[in-house]
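**Student:** Below you will find the structure I want to go over with you.
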Amino acid sequence: MRLEGAWLSEAAPRAVMAMLERGGHRALYVGGTVRNALLGLPPGDIDIATDARPERVMELAAAAGLRPVPTGVDHGTVTVVADHRAIEVTTFRRDVATDGRRAVVAFSDQIEHDAERRDFTMNALYATAQGEVIDPLGGLPDLLARRVRFVGDPQARIREDYLRILRFFRFHAWYGDPAGGPDPEGLAACAANLDGIGGLSRERVGAEMRRLLAAPDPAPAVAAMAQAGALARALPGADPRALAPLVHLGAEAGLAPDPILRLAALGGEDPAGALRLSRAEARRLETLREAAASGAGAAELGYRLGADAALSALVLRAAREGVPLPPQARDEVRRGAAAVFPVRPGDLMPALEGPALGARLRDLEARWIASGFALGREELLAS
């Protein structure tokens, strides 16, 4: 089988591959680059595996007029900048020791060693500069069947890095067959090693959950994650029941996949803390949850939040209540977002100041909203 795609002829990856091969070394595209290309998806970041040691990669790159950056030489990775594009080049490796979070590696000359240390068979695929696929572990049939399967013993792979529990569900959300469900052996191994999630940093857990929830439809994977007990470990108190309706309603409303909106549907005791959300993400999450729980109509939400956030809040509300989105929701949201409150503080001064001024403005705004934004400035001031 061969890869296809215009990216194979791009100058930057070709220059790096040629640089390594001219130096007498093996150079292969690897991992997500190959996986995505075989699925007809954009290759994303292009990664190259080689038998050249990091010092040799840097030497060859400099001699070829490329810029080597020692981003992770202890683990065999050198970033080579070619034609203003950064490409990671990593030496074939094998794991010597692991502690559930990080690994001690030794460099290798064998592609089999490099493949055996990877997480899933669909990520242990390689390709030559000409696009010829090399499959040392039989990952190609798994990829074509949309089956996310651990390399070798699932329990051993997970105990090397417990984040692979969450990655298993994330990869199933993006690349798995939702009808077929997760690989049973992998699912059982995840369920048997849940305690390991507690030793992971919240930053790593949060990053993985965001990626999972950004999938086109993460609901089947999250449901499996909940059944295995992994969702409760990653996000205590989360309830996945509103997620599938939210995904469906969001697609109908034309919303792009939104991890924070989907997180709002899951709920949880302290999602901002459990997943180490940024302040902006935490504020947006709280705004969506409060707006969805409020009694405000579509137009009022559009006025207060803007069209995009209001529509998201309405989708969240509908998903929680198990009802369709109101037929005119989008039009009402836009109408509210375009409305401008006609009264200004100066209209009430100097007769009112301070707290009294604020209270009067809020009262007039509430009347204006209740009128459907119909009352004008003079009518409001005369009320």
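Labeling convention for the structure tokens: chains A, B, ... as they appear, residues from 1 per chain, ligands from 1 in order of appearance.
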Pick out the residues sitting within 6 Å of Phe92 in chain A, and hand them over as a PyMOL selection string; count only C-alpha atoms, and ignore anything fewer than 3 positions along from it in its own chain.
**Tutor:** chain A and resi 50-51+107-108+114
**Student:** Could you give me, as JSON, numbers by chain, the residues within 12 Å of range 227-238 of chain A, counting only C-alpha atoms and dropping anything in the same chain fewer than 6 positions from it?
**Tutor:** {"A": [162, 163, 164, 165, 166, 167, 168, 169, 170, 182, 184, 186, 187, 188, 189, 190, 191, 192, 193, 194, 195, 196, 197, 198, 199, 200, 201, 202, 203, 204, 205, 206, 207, 208, 209, 210, 212, 220, 221, 262, 263, 264, 265, 266, 267, 268, 269, 270, 271, 272, 273, 274, 275, 276]}
**Student:** Please identify every residue of range 281-332 of chain A that has at least one atom no farther than 12 Å from an atom of range 361-365 of chain A, counting only C-alpha atoms, and for each give the shortest atom pair and the distance in Å to one decimal, arranged by chain then increasing number, as a Markdown table.
**Tutor:**
```
| residue | atom | partner | partner_atom | distance |
| --- | --- | --- | --- | --- |
| A:Glu300 | CA | A:Glu365 | CA | 10.7 |
| A:Tyr303 | CA | A:Glu365 | CA | 11.0 |
| A:Arg304 | CA | A:Glu365 | CA | 11.1 |
```
**Student:** With range 58-75 of chain A as the partner and 10 Å as the cut-off, tabulate the residues of range 95-161 of chain A that qualify, each row holding the nearest pair of atoms and their distance in Å to one decimal, using only C-alpha atoms, sorted by chain and rising number, as CSV.
**Tutor:**
```
residue,atom,partner,partner_atom,distance
A:Ala103,CA,A:His75,CA,8.9
A:Val104,CA,A:His75,CA,7.9
A:Val105,CA,A:His75,CA,6.5
A:Ala106,CA,A:His75,CA,8.2
A:Phe107,CA,A:His75,CA,8.4
```
**Student:** If you keep N, CA and C atoms, can you produce a file of those selected residues as a tab-separated table (two decimals), in the first residue's frame?
**Tutor:**
```tsv
chain	number	residue	atom	x	y	z
A	103	ALA	N	9.25	7.77	30.33
A	103	ALA	CA	10.06	6.60	30.01
A	103	ALA	C	11.53	6.97	29.88
A	104	VAL	N	12.38	6.03	30.25
A	104	VAL	CA	13.81	6.11	29.94
A	104	VAL	C	14.01	5.29	28.68
A	105	VAL	N	14.63	5.90	27.67
A	105	VAL	CA	14.75	5.23	26.38
A	105	VAL	C	16.21	4.96	26.03
A	106	ALA	N	16.40	4.00	25.15
A	106	ALA	CA	17.71	3.72	24.57
A	106	ALA	C	17.53	3.76	23.05
A	107	PHE	N	18.51	4.32	22.37
A	107	PHE	CA	18.42	4.41	20.91
A	107	PHE	C	18.62	3.03	20.30
```
**Student:** Could you jot down the CA of Glu353 in chain A to CA of Gly376 in chain A separation for me, Å, one decimal place?
**Tutor:**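 So the two atoms, CA of Glu353 in chain A and CA of Gly376 in chain A, lie 22.1 Å apart.
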**Student:** As a PyMOL selection string, please: the residues near Pro54 in chain A (cut-off 8 Å, only C-alpha atoms, same-chain neighbours under 3 positions excluded).
**Tutor:** chain A and resi 57-58+73+76-78+90-91
**Student:** Keeping C-alpha atoms, export the residues of the selection given above as a tab-separated table (two decimals), in the first residue's frame.
**Tutor:**
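Result file follows (result-v6.tsv):
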```tsv
chain	number	residue	atom	x	y	z
A	57	VAL	CA	20.91	14.47	12.63
A	58	MET	CA	22.11	17.88	13.79
A	73	VAL	CA	17.80	15.16	22.30
A	76	GLY	CA	16.12	11.32	20.49
A	77	THR	CA	14.21	14.24	18.98
A	78	VAL	CA	15.69	17.04	16.91
A	90	THR	CA	13.37	11.19	16.16
A	91	THR	CA	15.83	8.34	16.45
```
**Student:** Which residues are near range 116-120 of chain A? Cut-off 8 Å, only C-alpha atoms, ignore same chain within fewer than 6 positions. Put them as a compact mmCIF listing (two decimals) with C-alpha atoms, in the first residue's frame.
**Tutor:**
```
# COMPACT_ATOMS: atom_id res chain seq x y z
CA ARG A 93 14.04 4.01 20.32
CA ARG A 94 13.13 1.31 22.77
CA ASP A 95 11.92 1.77 26.34
CA LEU A 137 3.21 -4.89 13.74
CA GLY A 139 -1.42 -2.06 12.31
CA VAL A 148 -7.98 1.19 18.08
CA ARG A 149 -5.81 -1.59 19.49
CA PHE A 150 -2.89 -1.39 21.88
CA VAL A 151 0.51 -2.59 20.74
CA GLY A 152 1.25 -5.92 22.42
CA ARG A 157 1.27 -0.38 27.45
CA ARG A 164 -2.91 6.01 27.47
```
**Student:** What's the 10 Å shell around Leu249 in chain A, counting only C-alpha atoms, without same-chain residues fewer than 5 positions away, as a PDB file with C-alpha atoms, in the first residue's frame?
**Tutor:**
```pdb
ATOM      1  CA  LEU A 243     -23.632  14.793  25.350  1.00  0.00           C
ATOM      2  CA  ALA A 244     -25.150  12.843  22.439  1.00  0.00           C
ATOM      3  CA  GLY A 254     -24.394  24.739  12.522  1.00  0.00           C
ATOM      4  CA  LEU A 255     -22.063  24.879  15.530  1.00  0.00           C
ATOM      5  CA  SER A 312     -24.477  27.576  22.258  1.00  0.00           C
ATOM      6  CA  LEU A 314     -29.652  27.390  23.913  1.00  0.00           C
ATOM      7  CA  VAL A 315     -28.286  24.171  22.436  1.00  0.00           C
ATOM      8  CA  LEU A 316     -26.976  23.197  25.869  1.00  0.00           C
ATOM      9  CA  ALA A 318     -32.231  21.899  24.854  1.00  0.00           C
ATOM     10  CA  ALA A 319     -29.828  18.967  25.232  1.00  0.00           C
ATOM     11  CA  VAL A 323     -36.156  18.832  23.588  1.00  0.00           C
ATOM     12  CA  PRO A 324     -35.505  20.264  20.103  1.00  0.00           C
ATOM     13  CA  LEU A 325     -34.039  23.717  19.649  1.00  0.00           C
TER      14      LEU A 325
END
```
**Student:** Using DSSP on the backbone coordinates, identify all residues within range 83-295 of chain A classified as strand (DSSP E); present the result as a PDB file with N, CA and C atoms, in the first residue's frame.
**Tutor:**
```pdb
ATOM      1  N   ARG A  85       9.575  25.588   7.897  1.00  0.00           N
ATOM      2  CA  ARG A  85       8.660  24.610   8.502  1.00  0.00           C
ATOM      3  C   ARG A  85       9.434  23.720   9.463  1.00  0.00           C
ATOM      4  N   ALA A  86       8.861  23.492  10.655  1.00  0.00           N
ATOM      5  CA  ALA A  86       9.520  22.666  11.662  1.00  0.00           C
ATOM      6  C   ALA A  86       9.076  21.218  11.518  1.00  0.00           C
ATOM      7  N   ILE A  87      10.044  20.318  11.403  1.00  0.00           N
ATOM      8  CA  ILE A  87       9.759  18.893  11.254  1.00  0.00           C
ATOM      9  C   ILE A  87      10.544  18.147  12.324  1.00  0.00           C
ATOM     10  N   GLU A  88       9.837  17.329  13.104  1.00  0.00           N
ATOM     11  CA  GLU A  88      10.497  16.570  14.161  1.00  0.00           C
ATOM     12  C   GLU A  88      11.119  15.300  13.595  1.00  0.00           C
ATOM     13  N   VAL A  89      12.398  15.108  13.920  1.00  0.00           N
ATOM     14  CA  VAL A  89      13.131  13.906  13.514  1.00  0.00           C
ATOM     15  C   VAL A  89      13.544  13.182  14.793  1.00  0.00           C
ATOM     16  N   THR A  90      13.115  11.934  14.930  1.00  0.00           N
ATOM     17  CA  THR A  90      13.370  11.186  16.162  1.00  0.00           C
ATOM     18  C   THR A  90      14.047   9.863  15.849  1.00  0.00           C
ATOM     19  N   THR A  91      15.090   9.582  16.611  1.00  0.00           N
ATOM     20  CA  THR A  91      15.834   8.336  16.447  1.00  0.00           C
ATOM     21  C   THR A  91      14.998   7.143  16.887  1.00  0.00           C
ATOM     22  N   ARG A  93      13.819   4.161  18.883  1.00  0.00           N
ATOM     23  CA  ARG A  93      14.044   4.013  20.322  1.00  0.00           C
ATOM     24  C   ARG A  93      13.376   2.743  20.843  1.00  0.00           C
ATOM     25  N   ARG A  94      13.827   2.342  22.010  1.00  0.00           N
ATOM     26  CA  ARG A  94      13.127   1.313  22.768  1.00  0.00           C
ATOM     27  C   ARG A  94      13.105   1.757  24.222  1.00  0.00           C
ATOM     28  N   ASP A  95      12.044   1.395  24.931  1.00  0.00           N
ATOM     29  CA  ASP A  95      11.919   1.774  26.341  1.00  0.00           C
ATOM     30  C   ASP A  95      12.790   0.877  27.205  1.00  0.00           C
ATOM     31  N   VAL A  96      13.527   1.502  28.116  1.00  0.00           N
ATOM     32  CA  VAL A  96      14.348   0.762  29.072  1.00  0.00           C
ATOM     33  C   VAL A  96      13.633   0.657  30.411  1.00  0.00           C
ATOM     34  N   ALA A  97      12.971   1.752  30.822  1.00  0.00           N
ATOM     35  CA  ALA A  97      12.244   1.767  32.088  1.00  0.00           C
ATOM     36  C   ALA A  97      11.133   2.796  31.995  1.00  0.00           C
ATOM     37  N   THR A  98      10.025   2.543  32.679  1.00  0.00           N
ATOM     38  CA  THR A  98       8.904   3.478  32.727  1.00  0.00           C
ATOM     39  C   THR A  98       8.358   3.517  34.138  1.00  0.00           C
ATOM     40  N   ALA A 103       9.253   7.772  30.335  1.00  0.00           N
ATOM     41  CA  ALA A 103      10.062   6.597  30.015  1.00  0.00           C
ATOM     42  C   ALA A 103      11.534   6.968  29.877  1.00  0.00           C
ATOM     43  N   VAL A 104      12.380   6.027  30.251  1.00  0.00           N
ATOM     44  CA  VAL A 104      13.808   6.105  29.942  1.00  0.00           C
ATOM     45  C   VAL A 104      14.007   5.286  28.680  1.00  0.00           C
ATOM     46  N   VAL A 105      14.634   5.901  27.668  1.00  0.00           N
ATOM     47  CA  VAL A 105      14.752   5.231  26.381  1.00  0.00           C
ATOM     48  C   VAL A 105      16.212   4.965  26.031  1.00  0.00           C
ATOM     49  N   ALA A 106      16.400   3.997  25.153  1.00  0.00           N
ATOM     50  CA  ALA A 106      17.708   3.723  24.572  1.00  0.00           C
ATOM     51  C   ALA A 106      17.530   3.763  23.055  1.00  0.00           C
ATOM     52  N   PHE A 107      18.511   4.317  22.366  1.00  0.00           N
ATOM     53  CA  PHE A 107      18.420   4.407  20.915  1.00  0.00           C
ATOM     54  C   PHE A 107      18.619   3.030  20.296  1.00  0.00           C
ATOM     55  N   TYR A 126       4.756   3.210   9.247  1.00  0.00           N
ATOM     56  CA  TYR A 126       5.857   4.001   8.703  1.00  0.00           C
ATOM     57  C   TYR A 126       5.697   4.065   7.189  1.00  0.00           C
ATOM     58  N   ALA A 127       6.394   5.019   6.568  1.00  0.00           N
ATOM     59  CA  ALA A 127       6.359   5.107   5.107  1.00  0.00           C
ATOM     60  C   ALA A 127       7.656   5.720   4.607  1.00  0.00           C
ATOM     61  N   VAL A 133       4.254   2.057   2.322  1.00  0.00           N
ATOM     62  CA  VAL A 133       3.917   1.849   3.727  1.00  0.00           C
ATOM     63  C   VAL A 133       4.656   0.631   4.277  1.00  0.00           C
ATOM     64  N   ILE A 134       5.206   0.796   5.481  1.00  0.00           N
ATOM     65  CA  ILE A 134       5.873  -0.283   6.201  1.00  0.00           C
ATOM     66  C   ILE A 134       5.096  -0.526   7.482  1.00  0.00           C
TER      67      ILE A 134
END
```
**Student:** For CA of Gly44 in chain A and CA of Pro178 in chain A, quote the distance in Å rounded to one decimal.
**Tutor:** 23.2 Å
**Student:** Among range 60-144 of chain A, which ones does DSSP place in helix (DSSP H, G or I), written as a ChimeraX atom specification?
**Tutor:** /A:60-63,73-75,111-116,121-123,139-144
**Student:** Mind dumping the selected residues with N, CA and C atoms as a CSV table (one decimal), in the first residue's frame?
**Tutor:**
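So the final result, stored in selection_19.csv, reads:
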```
chain,number,residue,atom,x,y,z
A,60,LEU,N,24.1,16.6,10.1
A,60,LEU,CA,23.7,16.5,8.7
A,60,LEU,C,22.8,17.7,8.3
A,61,ALA,N,21.9,18.1,9.2
A,61,ALA,CA,21.1,19.2,9.0
A,61,ALA,C,21.9,20.5,8.7
A,62,ALA,N,22.8,20.7,9.6
A,62,ALA,CA,23.7,21.9,9.5
A,62,ALA,C,24.4,21.9,8.1
A,63,ALA,N,25.0,20.8,7.8
A,63,ALA,CA,25.7,20.6,6.5
A,63,ALA,C,24.9,20.9,5.3
A,73,VAL,N,16.7,16.1,22.7
A,73,VAL,CA,17.8,15.2,22.3
A,73,VAL,C,17.9,14.0,23.3
A,74,ASP,N,17.6,14.2,24.5
A,74,ASP,CA,17.7,13.1,25.5
A,74,ASP,C,16.8,11.9,25.1
A,75,HIS,N,15.7,12.3,24.5
A,75,HIS,CA,14.7,11.3,24.0
A,75,HIS,C,14.8,11.1,22.5
A,111,ILE,N,13.7,-0.8,13.4
A,111,ILE,CA,12.4,-0.2,13.3
A,111,ILE,C,11.4,-1.0,14.2
A,112,GLU,N,11.6,-2.3,14.4
A,112,GLU,CA,10.7,-3.1,15.2
A,112,GLU,C,10.7,-2.6,16.7
A,113,HIS,N,11.9,-2.3,17.2
A,113,HIS,CA,12.0,-1.7,18.6
A,113,HIS,C,11.2,-0.4,18.7
A,114,ASP,N,11.3,0.4,17.7
A,114,ASP,CA,10.6,1.7,17.7
A,114,ASP,C,9.1,1.5,17.7
A,115,ALA,N,8.7,0.5,16.8
A,115,ALA,CA,7.2,0.2,16.7
A,115,ALA,C,6.7,-0.3,18.0
A,116,GLU,N,7.4,-1.2,18.6
A,116,GLU,CA,6.9,-1.9,19.8
A,116,GLU,C,6.7,-1.0,21.0
A,121,THR,N,-1.5,0.2,17.5
A,121,THR,CA,-1.0,-0.3,16.2
A,121,THR,C,-1.2,0.6,15.1
A,122,MET,N,-2.2,1.4,15.1
A,122,MET,CA,-2.4,2.4,14.0
A,122,MET,C,-1.4,3.5,14.0
A,123,ASN,N,-0.7,3.7,15.1
A,123,ASN,CA,0.4,4.7,15.2
A,123,ASN,C,1.8,4.1,15.0
A,139,GLY,N,-0.5,-3.1,12.0
A,139,GLY,CA,-1.4,-2.1,12.3
A,139,GLY,C,-2.3,-1.6,11.2
A,140,LEU,N,-1.9,-1.9,9.9
A,140,LEU,CA,-2.7,-1.5,8.8
A,140,LEU,C,-4.1,-2.1,8.8
A,141,PRO,N,-4.3,-3.4,9.0
A,141,PRO,CA,-5.7,-3.9,9.1
A,141,PRO,C,-6.5,-3.3,10.2
A,142,ASP,N,-5.9,-3.0,11.3
A,142,ASP,CA,-6.6,-2.3,12.4
A,142,ASP,C,-7.1,-0.9,12.0
A,143,LEU,N,-6.2,-0.2,11.3
A,143,LEU,CA,-6.5,1.2,10.9
A,143,LEU,C,-7.7,1.1,9.9
A,144,LEU,N,-7.6,0.2,8.9
A,144,LEU,CA,-8.6,0.2,7.9
A,144,LEU,C,-10.0,-0.3,8.5
```
**Student:** For CA of Gln155 in chain A and CA of Val30 in chain A, determine how far apart the two atoms are, in Å to one decimal place.
**Tutor:**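 Rounded to one decimal, the two atoms are 23.8 Å apart.
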**Student:** Which residue out of A:Asp161, A:Gly131, A:Glu21, A:Asp109 has the minimum interatomic distance to Trp7 in chain A when only C-alpha atoms are used?
**Tutor:**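 Using only C-alpha atoms, Trp7 in chain A sits closest to A:Gly131.
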